[in-house]
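Peer 1: Supplied structure: work_22.txt, compact mmCIF, C-alpha atoms.
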```
# COMPACT_ATOMS: atom_id res chain seq x y z
CA MET A 1 -1.66 3.48 -9.64
CA ARG A 2 -3.13 6.63 -8.14
CA ARG A 3 -6.81 7.22 -7.80
CA ASN A 4 -8.91 10.30 -7.18
CA ILE A 5 -12.44 10.18 -5.77
CA PRO A 6 -14.76 11.87 -8.29
CA ARG A 7 -15.80 15.32 -7.09
CA THR A 8 -19.32 14.63 -8.33
CA TRP A 9 -20.01 12.85 -5.02
CA THR A 10 -21.19 15.97 -3.24
CA ALA A 11 -23.78 16.65 -5.90
CA ALA A 12 -24.84 13.03 -5.96
CA VAL A 13 -25.48 13.01 -2.23
CA GLY A 14 -27.38 16.28 -2.52
CA VAL A 15 -29.95 14.78 -4.86
CA ALA A 16 -29.93 11.33 -3.28
CA ALA A 17 -32.75 12.20 -0.92
CA LEU A 18 -35.01 12.48 -3.97
CA ALA A 19 -33.84 9.19 -5.43
CA LEU A 20 -36.15 7.00 -3.43
CA THR A 21 -39.28 8.91 -4.34
CA LEU A 22 -38.24 9.21 -7.95
CA THR A 23 -37.04 5.64 -8.38
CA ALA A 24 -38.41 4.37 -11.64
CA CYS A 25 -40.00 0.96 -11.53
CA SER A 26 -40.02 -1.55 -14.30
CA ASP A 27 -43.34 -0.16 -15.55
CA ASP A 28 -41.43 2.84 -16.91
CA SER A 29 -39.63 0.74 -19.52
CA THR A 30 -40.43 1.87 -23.01
CA SER A 31 -40.80 -1.61 -24.43
CA THR A 32 -41.17 -5.23 -23.52
CA THR A 33 -38.69 -8.03 -23.98
CA SER A 34 -38.96 -10.85 -26.42
CA PRO A 35 -40.51 -14.14 -25.32
CA GLY A 36 -37.09 -15.49 -24.45
CA GLY A 37 -36.49 -12.63 -22.07
CA ASN A 38 -33.79 -10.95 -24.18
CA THR A 39 -34.17 -7.61 -25.83
CA SER A 40 -35.66 -8.28 -29.24
CA GLY A 41 -33.66 -7.62 -32.35
CA GLY A 42 -36.23 -5.14 -33.66
CA GLY A 43 -34.54 -2.13 -32.14
CA GLU A 44 -36.85 -1.91 -29.14
CA LYS A 45 -35.59 0.28 -26.33
CA ILE A 46 -35.69 -0.56 -22.64
CA THR A 47 -34.78 1.34 -19.49
CA LEU A 48 -33.17 -0.47 -16.57
CA THR A 49 -33.10 1.22 -13.17
CA VAL A 50 -30.40 0.48 -10.59
CA ALA A 51 -31.00 1.52 -6.97
CA THR A 52 -27.97 1.70 -4.66
CA PHE A 53 -26.86 3.69 -1.59
CA ASN A 54 -23.70 5.32 -0.26
CA ASP A 55 -21.32 4.62 -3.16
CA PHE A 56 -20.97 1.32 -5.02
CA GLY A 57 -18.41 2.85 -7.39
CA TYR A 58 -20.86 2.81 -10.30
CA THR A 59 -19.98 6.10 -11.95
CA ASP A 60 -21.76 7.59 -14.93
CA GLU A 61 -18.73 6.65 -17.02
CA LEU A 62 -18.91 3.00 -15.97
CA LEU A 63 -22.63 2.74 -16.72
CA GLN A 64 -22.06 4.44 -20.07
CA GLU A 65 -19.72 1.60 -21.01
CA TYR A 66 -22.65 -0.80 -20.70
CA MET A 67 -24.97 1.45 -22.66
CA ASP A 68 -22.38 1.86 -25.42
CA ALA A 69 -22.14 -1.92 -25.72
CA ASN A 70 -25.93 -2.30 -25.50
CA PRO A 71 -27.39 0.67 -27.41
CA ASN A 72 -30.98 -0.43 -26.87
CA VAL A 73 -30.56 -0.19 -23.09
CA THR A 74 -30.71 2.99 -21.01
CA VAL A 75 -29.45 2.62 -17.44
CA VAL A 76 -30.79 4.98 -14.77
CA HIS A 77 -28.90 4.97 -11.47
CA ASN A 78 -30.75 6.15 -8.33
CA ARG A 79 -28.52 6.46 -5.29
CA ALA A 80 -29.73 6.94 -1.70
CA ALA A 81 -27.46 8.84 0.68
CA GLU A 82 -27.75 6.21 3.43
CA SER A 83 -28.39 2.50 3.49
CA LYS A 84 -31.22 2.87 6.02
CA ASP A 85 -33.19 4.90 3.48
CA ALA A 86 -32.67 2.28 0.80
CA ARG A 87 -33.63 -0.51 3.19
CA ALA A 88 -36.84 1.23 4.25
CA ASN A 89 -37.79 1.75 0.60
CA LEU A 90 -37.02 -1.86 -0.32
CA THR A 91 -38.84 -3.53 2.56
CA THR A 92 -41.88 -1.26 2.25
CA ARG A 93 -42.26 -1.97 -1.45
CA ILE A 94 -41.73 -5.72 -1.03
CA ALA A 95 -44.44 -5.74 1.63
CA SER A 96 -46.82 -4.10 -0.83
CA GLY A 97 -46.14 -6.64 -3.56
CA GLY A 98 -43.00 -5.23 -5.14
CA ASP A 99 -44.54 -2.36 -7.10
CA GLY A 100 -42.11 0.49 -7.59
CA LEU A 101 -38.91 -1.47 -7.07
CA ALA A 102 -35.98 -0.78 -9.35
CA ASP A 103 -34.96 -3.43 -11.89
CA ILE A 104 -31.81 -3.96 -9.80
CA GLU A 105 -31.78 -3.31 -6.07
CA GLY A 106 -28.54 -2.99 -4.11
CA ILE A 107 -28.69 -4.48 -0.62
CA GLU A 108 -26.40 -4.79 2.40
CA ILE A 109 -25.36 -8.20 3.69
CA ASP A 110 -27.19 -7.59 6.99
CA TRP A 111 -30.50 -7.46 5.14
CA MET A 112 -30.00 -10.82 3.46
CA PRO A 113 -31.36 -13.03 6.26
CA GLU A 114 -34.64 -11.12 6.24
CA LEU A 115 -34.91 -11.02 2.46
CA SER A 116 -34.23 -14.75 2.34
CA GLN A 117 -37.58 -15.22 4.05
CA VAL A 118 -39.30 -13.97 0.87
CA PRO A 119 -37.20 -15.69 -1.83
CA ASP A 120 -40.00 -15.53 -4.40
CA SER A 121 -39.65 -11.75 -4.42
CA PHE A 122 -36.29 -12.10 -6.17
CA ALA A 123 -35.16 -13.70 -9.39
CA ASP A 124 -32.91 -16.75 -9.35
CA LEU A 125 -29.50 -15.45 -10.49
CA GLU A 126 -27.82 -18.83 -11.03
CA THR A 127 -25.99 -18.85 -14.37
CA ASP A 128 -22.89 -20.58 -15.70
CA SER A 129 -21.13 -17.25 -16.19
CA VAL A 130 -20.87 -16.53 -12.45
CA LYS A 131 -19.65 -19.90 -11.22
CA GLY A 132 -16.47 -19.53 -9.16
CA ARG A 133 -16.61 -15.74 -9.35
CA TRP A 134 -16.65 -14.97 -5.62
CA LEU A 135 -15.07 -15.93 -2.34
CA ASP A 136 -16.96 -19.02 -1.18
CA TRP A 137 -18.33 -17.36 1.95
CA LYS A 138 -19.42 -14.29 0.01
CA GLU A 139 -21.38 -16.39 -2.49
CA ALA A 140 -22.91 -18.45 0.32
CA GLN A 141 -24.22 -15.29 1.97
CA GLY A 142 -26.02 -14.41 -1.26
CA ARG A 143 -28.08 -17.61 -1.16
CA THR A 144 -31.33 -18.40 0.61
CA PRO A 145 -31.38 -21.29 3.12
CA ASP A 146 -32.58 -23.64 0.35
CA GLY A 147 -29.67 -22.63 -1.93
CA LYS A 148 -31.31 -20.14 -4.31
CA LEU A 149 -28.85 -17.48 -5.46
CA ILE A 150 -30.61 -14.13 -5.08
CA GLY A 151 -27.60 -11.82 -4.70
CA TYR A 152 -24.57 -11.11 -6.88
CA GLY A 153 -21.77 -10.02 -4.58
CA THR A 154 -20.28 -6.56 -5.10
CA ASP A 155 -17.80 -5.65 -2.36
CA ILE A 156 -16.68 -6.90 1.02
CA GLY A 157 -15.65 -4.75 3.96
CA PRO A 158 -12.25 -5.89 5.30
CA GLU A 159 -11.36 -3.50 8.11
CA ALA A 160 -8.21 -1.55 8.90
CA ILE A 161 -7.68 1.53 11.08
CA CYS A 162 -7.81 4.96 9.47
CA TYR A 163 -6.06 7.67 11.45
CA ARG A 164 -5.01 11.32 11.47
CA SER A 165 -1.22 11.30 11.37
CA ASP A 166 -1.08 15.04 12.11
CA LEU A 167 -3.03 14.57 15.35
CA PHE A 168 -0.82 11.61 16.23
CA LYS A 169 2.28 13.75 15.71
CA ALA A 170 0.92 16.56 17.88
CA ALA A 171 0.29 14.01 20.65
CA GLY A 172 3.79 12.56 20.38
CA LEU A 173 2.74 9.27 18.80
CA PRO A 174 4.34 7.60 15.76
CA THR A 175 2.89 8.64 12.40
CA ASP A 176 4.38 6.13 9.92
CA ARG A 177 1.66 3.64 9.00
CA ALA A 178 3.82 0.59 9.73
CA GLU A 179 4.83 2.02 13.12
CA VAL A 180 1.20 2.84 13.90
CA ALA A 181 0.22 -0.74 13.11
CA GLU A 182 2.82 -1.97 15.60
CA LEU A 183 1.78 0.65 18.16
CA LEU A 184 -1.75 -0.76 18.05
CA GLY A 185 -0.52 -4.32 18.53
CA GLY A 186 0.42 -5.50 15.06
CA ALA A 187 -0.69 -9.02 14.16
CA ASP A 188 -1.65 -9.64 17.80
CA ALA A 189 -3.63 -6.41 18.26
CA THR A 190 -6.42 -6.52 20.83
CA TRP A 191 -9.22 -4.11 21.67
CA GLU A 192 -7.50 -3.32 24.93
CA ASP A 193 -4.38 -2.35 22.94
CA TYR A 194 -6.49 0.00 20.86
CA PHE A 195 -8.11 1.57 23.92
CA LYS A 196 -4.80 1.81 25.81
CA VAL A 197 -3.17 3.83 23.03
CA GLY A 198 -6.32 5.92 22.91
CA ARG A 199 -5.93 6.82 26.57
CA GLU A 200 -2.33 7.87 25.89
CA PHE A 201 -3.54 10.01 23.00
CA VAL A 202 -6.39 11.84 24.74
CA ALA A 203 -4.07 12.71 27.63
CA LYS A 204 -2.14 14.90 25.17
CA SER A 205 -4.85 16.01 22.75
CA ASP A 206 -8.16 17.83 22.67
CA ALA A 207 -9.46 15.42 20.02
CA ALA A 208 -11.36 12.24 20.76
CA TRP A 209 -9.69 8.91 20.01
CA PHE A 210 -12.53 7.39 17.97
CA ASP A 211 -15.67 8.80 16.43
CA SER A 212 -18.46 6.59 17.69
CA ALA A 213 -19.02 3.92 20.33
CA ASN A 214 -21.54 2.23 18.06
CA ALA A 215 -19.08 2.06 15.17
CA THR A 216 -16.46 0.60 17.48
CA PHE A 217 -18.95 -1.90 18.89
CA GLN A 218 -19.76 -2.90 15.31
CA GLY A 219 -16.16 -4.09 14.92
CA MET A 220 -16.19 -5.91 18.24
CA ILE A 221 -19.51 -7.72 17.81
CA GLY A 222 -18.49 -8.62 14.26
CA GLN A 223 -15.89 -10.97 15.71
CA VAL A 224 -18.43 -12.97 17.75
CA ALA A 225 -19.38 -16.14 15.89
CA ALA A 226 -22.86 -16.39 17.41
CA ALA A 227 -23.74 -13.02 18.88
CA TYR A 228 -27.52 -13.04 18.83
CA GLU A 229 -28.66 -16.38 17.39
CA ASP A 230 -27.85 -20.08 17.50
CA PRO A 231 -26.22 -21.00 14.17
CA ALA A 232 -27.54 -24.55 14.40
CA THR A 233 -31.19 -23.60 14.79
CA GLY A 234 -31.41 -19.92 13.88
CA GLU A 235 -33.23 -19.31 17.15
CA PRO A 236 -32.50 -16.03 18.96
CA THR A 237 -30.24 -16.15 21.99
CA ASP A 238 -31.89 -14.68 25.07
CA LEU A 239 -30.38 -11.22 25.42
CA ARG A 240 -31.23 -11.24 29.11
CA THR A 241 -28.63 -13.96 29.72
CA ASN A 242 -26.20 -13.12 26.92
CA GLU A 243 -23.12 -12.30 28.97
CA GLU A 244 -20.77 -12.18 25.98
CA VAL A 245 -22.71 -9.43 24.24
CA LYS A 246 -23.30 -7.52 27.47
CA GLY A 247 -19.58 -7.76 28.27
CA LEU A 248 -18.63 -6.17 24.93
CA TYR A 249 -21.35 -3.56 25.41
CA LEU A 250 -19.95 -2.58 28.80
CA ASP A 251 -16.35 -2.66 27.51
CA VAL A 252 -17.02 -0.26 24.65
CA LEU A 253 -19.00 2.13 26.81
CA ALA A 254 -16.31 2.11 29.51
CA ALA A 255 -13.78 3.07 26.83
CA ALA A 256 -16.16 5.54 25.21
CA LYS A 257 -16.45 7.55 28.41
CA ASP A 258 -12.97 8.97 27.79
CA LEU A 259 -12.26 8.12 24.16
CA SER A 260 -15.41 8.61 22.07
CA GLY A 261 -16.41 11.64 20.06
CA GLY A 262 -19.99 10.81 21.04
CA MET A 263 -21.41 10.94 17.52
CA ASN A 264 -23.62 8.81 15.36
CA GLN A 265 -22.03 8.05 12.04
CA TRP A 266 -23.72 9.77 9.08
CA SER A 267 -25.09 12.52 11.33
CA GLY A 268 -24.44 16.23 10.81
CA ASP A 269 -22.16 16.33 13.87
CA TRP A 270 -20.13 13.47 12.46
CA ASP A 271 -19.82 15.19 9.11
CA ALA A 272 -18.61 18.40 10.78
CA ALA A 273 -16.11 16.56 12.98
CA PHE A 274 -13.97 15.68 9.96
CA GLN A 275 -13.29 19.39 9.47
CA ASN A 276 -12.91 20.21 13.17
CA ASP A 277 -10.28 17.71 14.39
CA GLY A 278 -13.09 15.82 16.09
CA PHE A 279 -11.32 12.46 16.38
CA ALA A 280 -8.05 10.76 15.52
CA THR A 281 -9.01 7.22 14.48
CA MET A 282 -11.91 5.17 13.23
CA LEU A 283 -12.60 1.61 12.19
CA CYS A 284 -12.19 1.66 8.47
CA PRO A 285 -13.67 -0.92 6.08
CA ALA A 286 -12.48 -0.38 2.53
CA TRP A 287 -15.72 1.26 1.45
CA MET A 288 -15.30 3.95 4.15
CA LEU A 289 -12.42 5.64 2.31
CA GLY A 290 -14.77 7.47 -0.02
CA PRO A 291 -17.06 8.87 2.69
CA ILE A 292 -14.03 10.01 4.71
CA GLU A 293 -12.51 11.90 1.80
CA GLU A 294 -15.87 13.36 0.88
CA ARG A 295 -16.22 14.87 4.36
CA ALA A 296 -12.57 15.62 5.12
CA GLY A 297 -11.69 17.39 1.87
CA GLY A 298 -8.90 19.91 2.46
CA ILE A 299 -7.71 18.22 5.65
CA GLU A 300 -4.23 16.74 5.43
CA GLY A 301 -3.04 13.87 7.56
CA TRP A 302 -5.38 10.94 6.95
CA ASP A 303 -3.64 7.58 6.56
CA ILE A 304 -4.41 3.85 6.83
CA ALA A 305 -2.73 1.31 9.13
CA ASP A 306 -2.70 -2.37 8.18
CA VAL A 307 -3.99 -3.54 11.55
CA PHE A 308 -7.26 -4.39 13.23
CA PRO A 309 -7.95 -5.24 16.88
CA GLY A 310 -8.85 -8.85 17.44
CA GLY A 311 -7.46 -10.01 14.07
CA GLY A 312 -9.72 -9.80 11.05
CA GLY A 313 -12.92 -7.87 10.72
CA ASN A 314 -15.49 -7.47 7.98
CA TRP A 315 -17.99 -4.65 8.14
CA GLY A 316 -20.58 -4.62 5.45
CA GLY A 317 -20.40 -5.64 1.88
CA SER A 318 -23.24 -5.55 -0.57
CA TYR A 319 -25.12 -7.43 -3.27
CA LEU A 320 -27.17 -6.72 -6.34
CA THR A 321 -30.58 -8.36 -6.46
CA VAL A 322 -33.18 -8.48 -9.23
CA PRO A 323 -36.82 -8.20 -8.11
CA ALA A 324 -38.82 -11.02 -9.66
CA ASN A 325 -41.77 -8.92 -10.80
CA GLY A 326 -39.87 -6.63 -13.17
CA LYS A 327 -40.76 -6.50 -16.86
CA ASN A 328 -37.13 -6.84 -17.92
CA VAL A 329 -35.85 -9.43 -15.49
CA ASP A 330 -33.52 -11.22 -17.91
CA GLU A 331 -31.99 -7.97 -19.09
CA ALA A 332 -31.60 -6.84 -15.49
CA ILE A 333 -29.77 -10.08 -14.67
CA LYS A 334 -27.40 -9.42 -17.57
CA LEU A 335 -26.63 -5.94 -16.26
CA ALA A 336 -26.18 -7.20 -12.68
CA ASP A 337 -23.85 -9.91 -14.02
CA TRP A 338 -21.81 -7.29 -15.90
CA LEU A 339 -21.62 -4.90 -12.94
CA THR A 340 -20.34 -7.64 -10.64
CA ALA A 341 -17.87 -9.13 -13.12
CA PRO A 342 -14.23 -8.84 -11.99
CA GLU A 343 -13.37 -6.17 -14.56
CA GLN A 344 -16.14 -3.84 -13.42
CA GLN A 345 -15.57 -4.46 -9.73
CA ALA A 346 -11.89 -3.57 -10.13
CA LYS A 347 -13.04 -0.29 -11.67
CA ALA A 348 -15.52 0.25 -8.85
CA PHE A 349 -12.65 -0.20 -6.37
CA ASP A 350 -10.67 2.42 -8.24
CA ASN A 351 -13.69 4.73 -8.22
CA ALA A 352 -14.77 4.40 -4.61
CA GLY A 353 -12.48 2.06 -2.68
CA THR A 354 -15.07 -0.73 -2.53
CA PHE A 355 -12.92 -3.83 -2.12
CA PRO A 356 -14.06 -6.52 -4.58
CA SER A 357 -15.41 -9.89 -3.50
CA GLN A 358 -14.42 -11.46 -6.82
CA LEU A 359 -11.34 -13.68 -6.73
CA GLU A 360 -10.04 -12.54 -10.11
CA ALA A 361 -10.54 -8.87 -9.29
CA GLN A 362 -8.66 -9.18 -6.01
CA LYS A 363 -5.62 -10.48 -7.88
CA SER A 364 -5.72 -7.87 -10.63
CA GLU A 365 -2.93 -5.33 -10.88
CA SER A 366 -5.42 -2.47 -10.76
CA VAL A 367 -6.40 -3.61 -7.26
CA THR A 368 -3.09 -4.81 -5.85
CA SER A 369 -1.19 -1.72 -6.99
CA ALA A 370 -3.85 0.83 -6.04
CA THR A 371 -2.83 3.79 -3.90
CA ASN A 372 -4.87 6.65 -2.50
CA ASP A 373 -3.71 10.23 -2.82
CA PHE A 374 -5.88 11.54 -0.03
CA PHE A 375 -4.63 8.96 2.47
CA ASN A 376 -0.97 9.96 2.07
CA ASP A 377 -0.56 7.71 -0.98
CA ALA A 378 -1.42 4.69 1.15
CA PRO A 379 -1.15 1.39 -0.75
CA MET A 380 -4.81 0.67 -0.19
CA GLY A 381 -4.83 -2.35 -2.50
CA THR A 382 -2.08 -4.05 -0.51
CA ILE A 383 -3.52 -3.03 2.86
CA PHE A 384 -7.05 -4.22 2.23
CA SER A 385 -5.84 -7.37 0.48
CA SER A 386 -3.93 -8.11 3.67
CA ARG A 387 -7.00 -7.37 5.78
CA ALA A 388 -9.15 -9.56 3.52
CA GLN A 389 -6.73 -12.46 3.99
CA ALA A 390 -7.38 -12.26 7.72
CA LEU A 391 -11.01 -13.18 7.05
CA THR A 392 -12.29 -16.74 6.89
CA ALA A 393 -15.77 -18.20 6.85
CA ASP A 394 -15.20 -19.38 10.43
CA SER A 395 -14.33 -15.85 11.60
CA LEU A 396 -17.54 -14.28 10.30
CA PRO A 397 -20.57 -14.00 12.58
CA PHE A 398 -23.74 -15.95 12.01
CA LYS A 399 -26.54 -13.59 10.98
CA GLY A 400 -29.98 -15.10 10.86
CA ALA A 401 -33.39 -13.59 10.32
CA ASN A 402 -33.42 -11.88 13.73
CA TYR A 403 -29.88 -10.49 13.84
CA PHE A 404 -30.75 -7.03 12.58
CA ALA A 405 -33.61 -6.44 15.03
CA ILE A 406 -31.68 -7.60 18.11
CA HIS A 407 -28.55 -5.73 17.11
CA GLN A 408 -30.61 -2.57 16.66
CA ALA A 409 -31.87 -2.83 20.24
CA VAL A 410 -28.29 -2.95 21.52
CA GLN A 411 -27.19 -0.12 19.23
CA ASP A 412 -30.04 2.06 20.44
CA ALA A 413 -28.89 1.47 24.02
CA ILE A 414 -25.34 2.52 23.13
CA THR A 415 -26.70 5.66 21.47
CA ARG A 416 -28.57 6.65 24.62
CA VAL A 417 -25.31 6.50 26.57
CA ASP A 418 -22.69 7.69 24.07
CA VAL A 419 -24.60 10.23 21.97
CA ASP A 420 -27.70 11.35 23.86
CA LYS A 421 -26.02 10.96 27.26
CA SER A 422 -29.50 10.46 28.66
CA GLU A 423 -28.85 7.14 30.43
CA ASP A 424 -26.10 5.26 32.21
CA PRO A 425 -24.94 1.93 30.73
CA GLU A 426 -26.99 -0.27 33.07
CA THR A 427 -30.21 1.67 32.54
CA ALA A 428 -29.70 1.67 28.78
CA TRP A 429 -29.03 -2.09 28.84
CA ASN A 430 -32.31 -2.64 30.65
CA GLY A 431 -33.94 -0.68 27.85
CA ALA A 432 -32.32 -3.00 25.31
CA ILE A 433 -33.76 -5.96 27.23
CA SER A 434 -37.21 -4.38 27.07
CA SER A 435 -36.86 -3.87 23.33
CA PHE A 436 -35.76 -7.49 22.96
CA GLU A 437 -38.78 -8.70 24.91
CA GLU A 438 -41.08 -6.61 22.73
CA LEU A 439 -39.82 -8.54 19.68
CA GLY A 440 -41.83 -11.47 21.05
CA PHE A 441 -39.33 -14.31 20.73
```
I need this file expressed as structure tokens, please.

Peer 2:
Amino acid sequence: MRRNIPRTWTAAVGVAALALTLTACSDDSTSTTSPGGNTSGGGEKITLTVATFNDFGYTDELLQEYMDANPNVTVVHNRAAESKDARANLTTRIASGGDGLADIEGIEIDWMPELSQVPDSFADLETDSVKGRWLDWKEAQGRTPDGKLIGYGTDIGPEAICYRSDLFKAAGLPTDRAEVAELLGGADATWEDYFKVGREFVAKSDAAWFDSANATFQGMIGQVAAAYEDPATGEPTDLRTNEEVKGLYLDVLAAAKDLSGGMNQWSGDWDAAFQNDGFATMLCPAWMLGPIEERAGGIEGWDIADVFPGGGGNWGGSYLTVPANGKNVDEAIKLADWLTAPEQQAKAFDNAGTFPSQLEAQKSESVTSATNDFFNDAPMGTIFSSRAQALTADSLPFKGANYFAIHQAVQDAITRVDVDKSEDPETAWNGAISSFEELGF
């Protein structure tokens, strides 16, 4: 099966900046629900708003299917260009009591520990229809510490390596995706393997090896079981004595000195680099295929290698939540259920490359046989299924309530070295320590 990314993406991103300020809240619904929570049989109309970011694969055509089957429901989809914008909107509105939230709010997995601290802000999504729908670890991440299900899983982010075969060829490296996987270490690939090949590449090319030190660090830290917190207690680990994290920090910056494009992902420089031969490889969760094609349109040579340094890696993955104070909570739960059902998630994968977290969807022919025209007809379904199989609950990092804040301090330090070039690694690390201390743990 071949797939083509809808060309409406560019327009969608162009208006996405307005989405957060225009997001309709539940108060905009044109009617109320019946006492049982379901739309009444009297022909009353309701509007359900869905707020997402980047691209969940929820096209106008997919949402129209739901509206055709539920003629009393109008679905309005508001999409933010970046997850940070959506997160800022969500947390600000929750802090003010929830006014202005959409009926369904898309969230990233990294936000879940914080949102779990305010479980009453979200509806309980436990229903018989979703039992056994997801990978066990994916469902577990959608629950609060006391077991309340507040998130319906959408995608997961199994990681491969995306690469420019034309730049590889010009540098005298193999270009076939199976040969590239072996070049990078195959099943036993390590980060040093990845950096070693990078040094060979940059010696023969004007392009950088990878786009961003922070993006590369994201893959490395994602393989540390307890990077910033103690899984047993949830207490933060003292960053001042955290030699494992500092070691990875120094490793990636040592490699970045010669190999990095020195860009922040989602920045204007990063966008432009796709058209200017800025870099040859990048860590590539399944959901990244869409953003790459969107920015690299007209450039030939992108491909996907079924390999990842250090074994398996999962970057990202999202959920749909239903704010508890909406006027149409039950109807919103029905829509969230439908959007995360295996049939719809298989379609979302076809639309945007978002690899489904649903067991049935992962086994469907539409997923396993999927190819991608832009990535040299790469069998993306097979590749990301293979990458997903490398993931286990034990290989995923513990992320408690303080993970995001501590990780941000380290990322900011990497930015000062790799992007701003305003500090050396040791000075920037001391800045990360200061930021950690300011968190008041």

Peer 1: Set out as a tab-separated table a contact list for segment 312-350 of chain A and segment 278-288 of chain A with a cut-off of 12 Å, giving each residue of segment 312-350 of chain A that qualifies its closest atom pair and distance in Å to one decimal, counting only C-alpha atoms, ordered by chain and rising residue number.

Peer 2:
```
residue	atom	partner	partner_atom	distance
A:Gly312	CA	A:Pro285	CA	10.9
A:Gly313	CA	A:Pro285	CA	8.4
A:Asn314	CA	A:Pro285	CA	7.1
A:Trp315	CA	A:Pro285	CA	6.1
A:Gly316	CA	A:Pro285	CA	7.9
A:Gly317	CA	A:Trp287	CA	8.3
A:Ser318	CA	A:Trp287	CA	10.3
A:Ala348	CA	A:Trp287	CA	10.4
A:Phe349	CA	A:Trp287	CA	8.5
A:Asp350	CA	A:Trp287	CA	11.0
```

Peer 1: Using atom CA of Ala256 of chain A and atom CA of Arg416 of chain A as the two end points, give the distance in Å to one decimal.

Peer 2: 12.5 Å

Peer 1: Just want the 8 Å neighbourhood of segment 201-214 of chain A, counted on all atoms listed in the file, with same-chain residues fewer than 3 positions away dropped. Output as a PyMOL selection string.

Peer 2: chain A and resi 167-168+170-173+197-198+217-218+252-253+256+258-265+270+277-282+411+414-415+418

Peer 1: When you count all atoms listed in the file, which of these residues is closest to Thr154 of chain A: A:Arg177, A:Lys196, A:Arg133, A:Lys169?

Peer 2: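 Among the listed residues, A:Arg133 lies closest to Thr154 of chain A.
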
Peer 1: Return as JSON lines the residues of segment 41-138 of chain A lying at most 8 Å from segment 147-152 of chain A, together with the closest atom-to-atom pair for each and the distance in Å to one decimal, counting all atoms listed in the file, with rows in chain order and ascending residue number.

Peer 2:
```
{"residue": "A:Pro119", "atom": "CA", "partner": "A:Ile150", "partner_atom": "CA", "distance": 7.5}
{"residue": "A:Phe122", "atom": "CA", "partner": "A:Ile150", "partner_atom": "CA", "distance": 6.1}
{"residue": "A:Ala123", "atom": "CA", "partner": "A:Ile150", "partner_atom": "CA", "distance": 6.3}
{"residue": "A:Asp124", "atom": "CA", "partner": "A:Ile150", "partner_atom": "CA", "distance": 5.5}
{"residue": "A:Leu125", "atom": "CA", "partner": "A:Leu149", "partner_atom": "CA", "distance": 5.5}
{"residue": "A:Glu126", "atom": "CA", "partner": "A:Leu149", "partner_atom": "CA", "distance": 5.8}
```

Peer 1: Keeping only C-alpha atoms, write those residues as a PDB file, in the coordinates of the input.

Peer 2:
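Output (part_2.pdb):
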```pdb
ATOM      1  CA  PRO A 119     -37.200 -15.690  -1.830  1.00  0.00           C
ATOM      2  CA  PHE A 122     -36.290 -12.100  -6.170  1.00  0.00           C
ATOM      3  CA  ALA A 123     -35.160 -13.700  -9.390  1.00  0.00           C
ATOM      4  CA  ASP A 124     -32.910 -16.750  -9.350  1.00  0.00           C
ATOM      5  CA  LEU A 125     -29.500 -15.450 -10.490  1.00  0.00           C
ATOM      6  CA  GLU A 126     -27.820 -18.830 -11.030  1.00  0.00           C
TER       7      GLU A 126
END
```
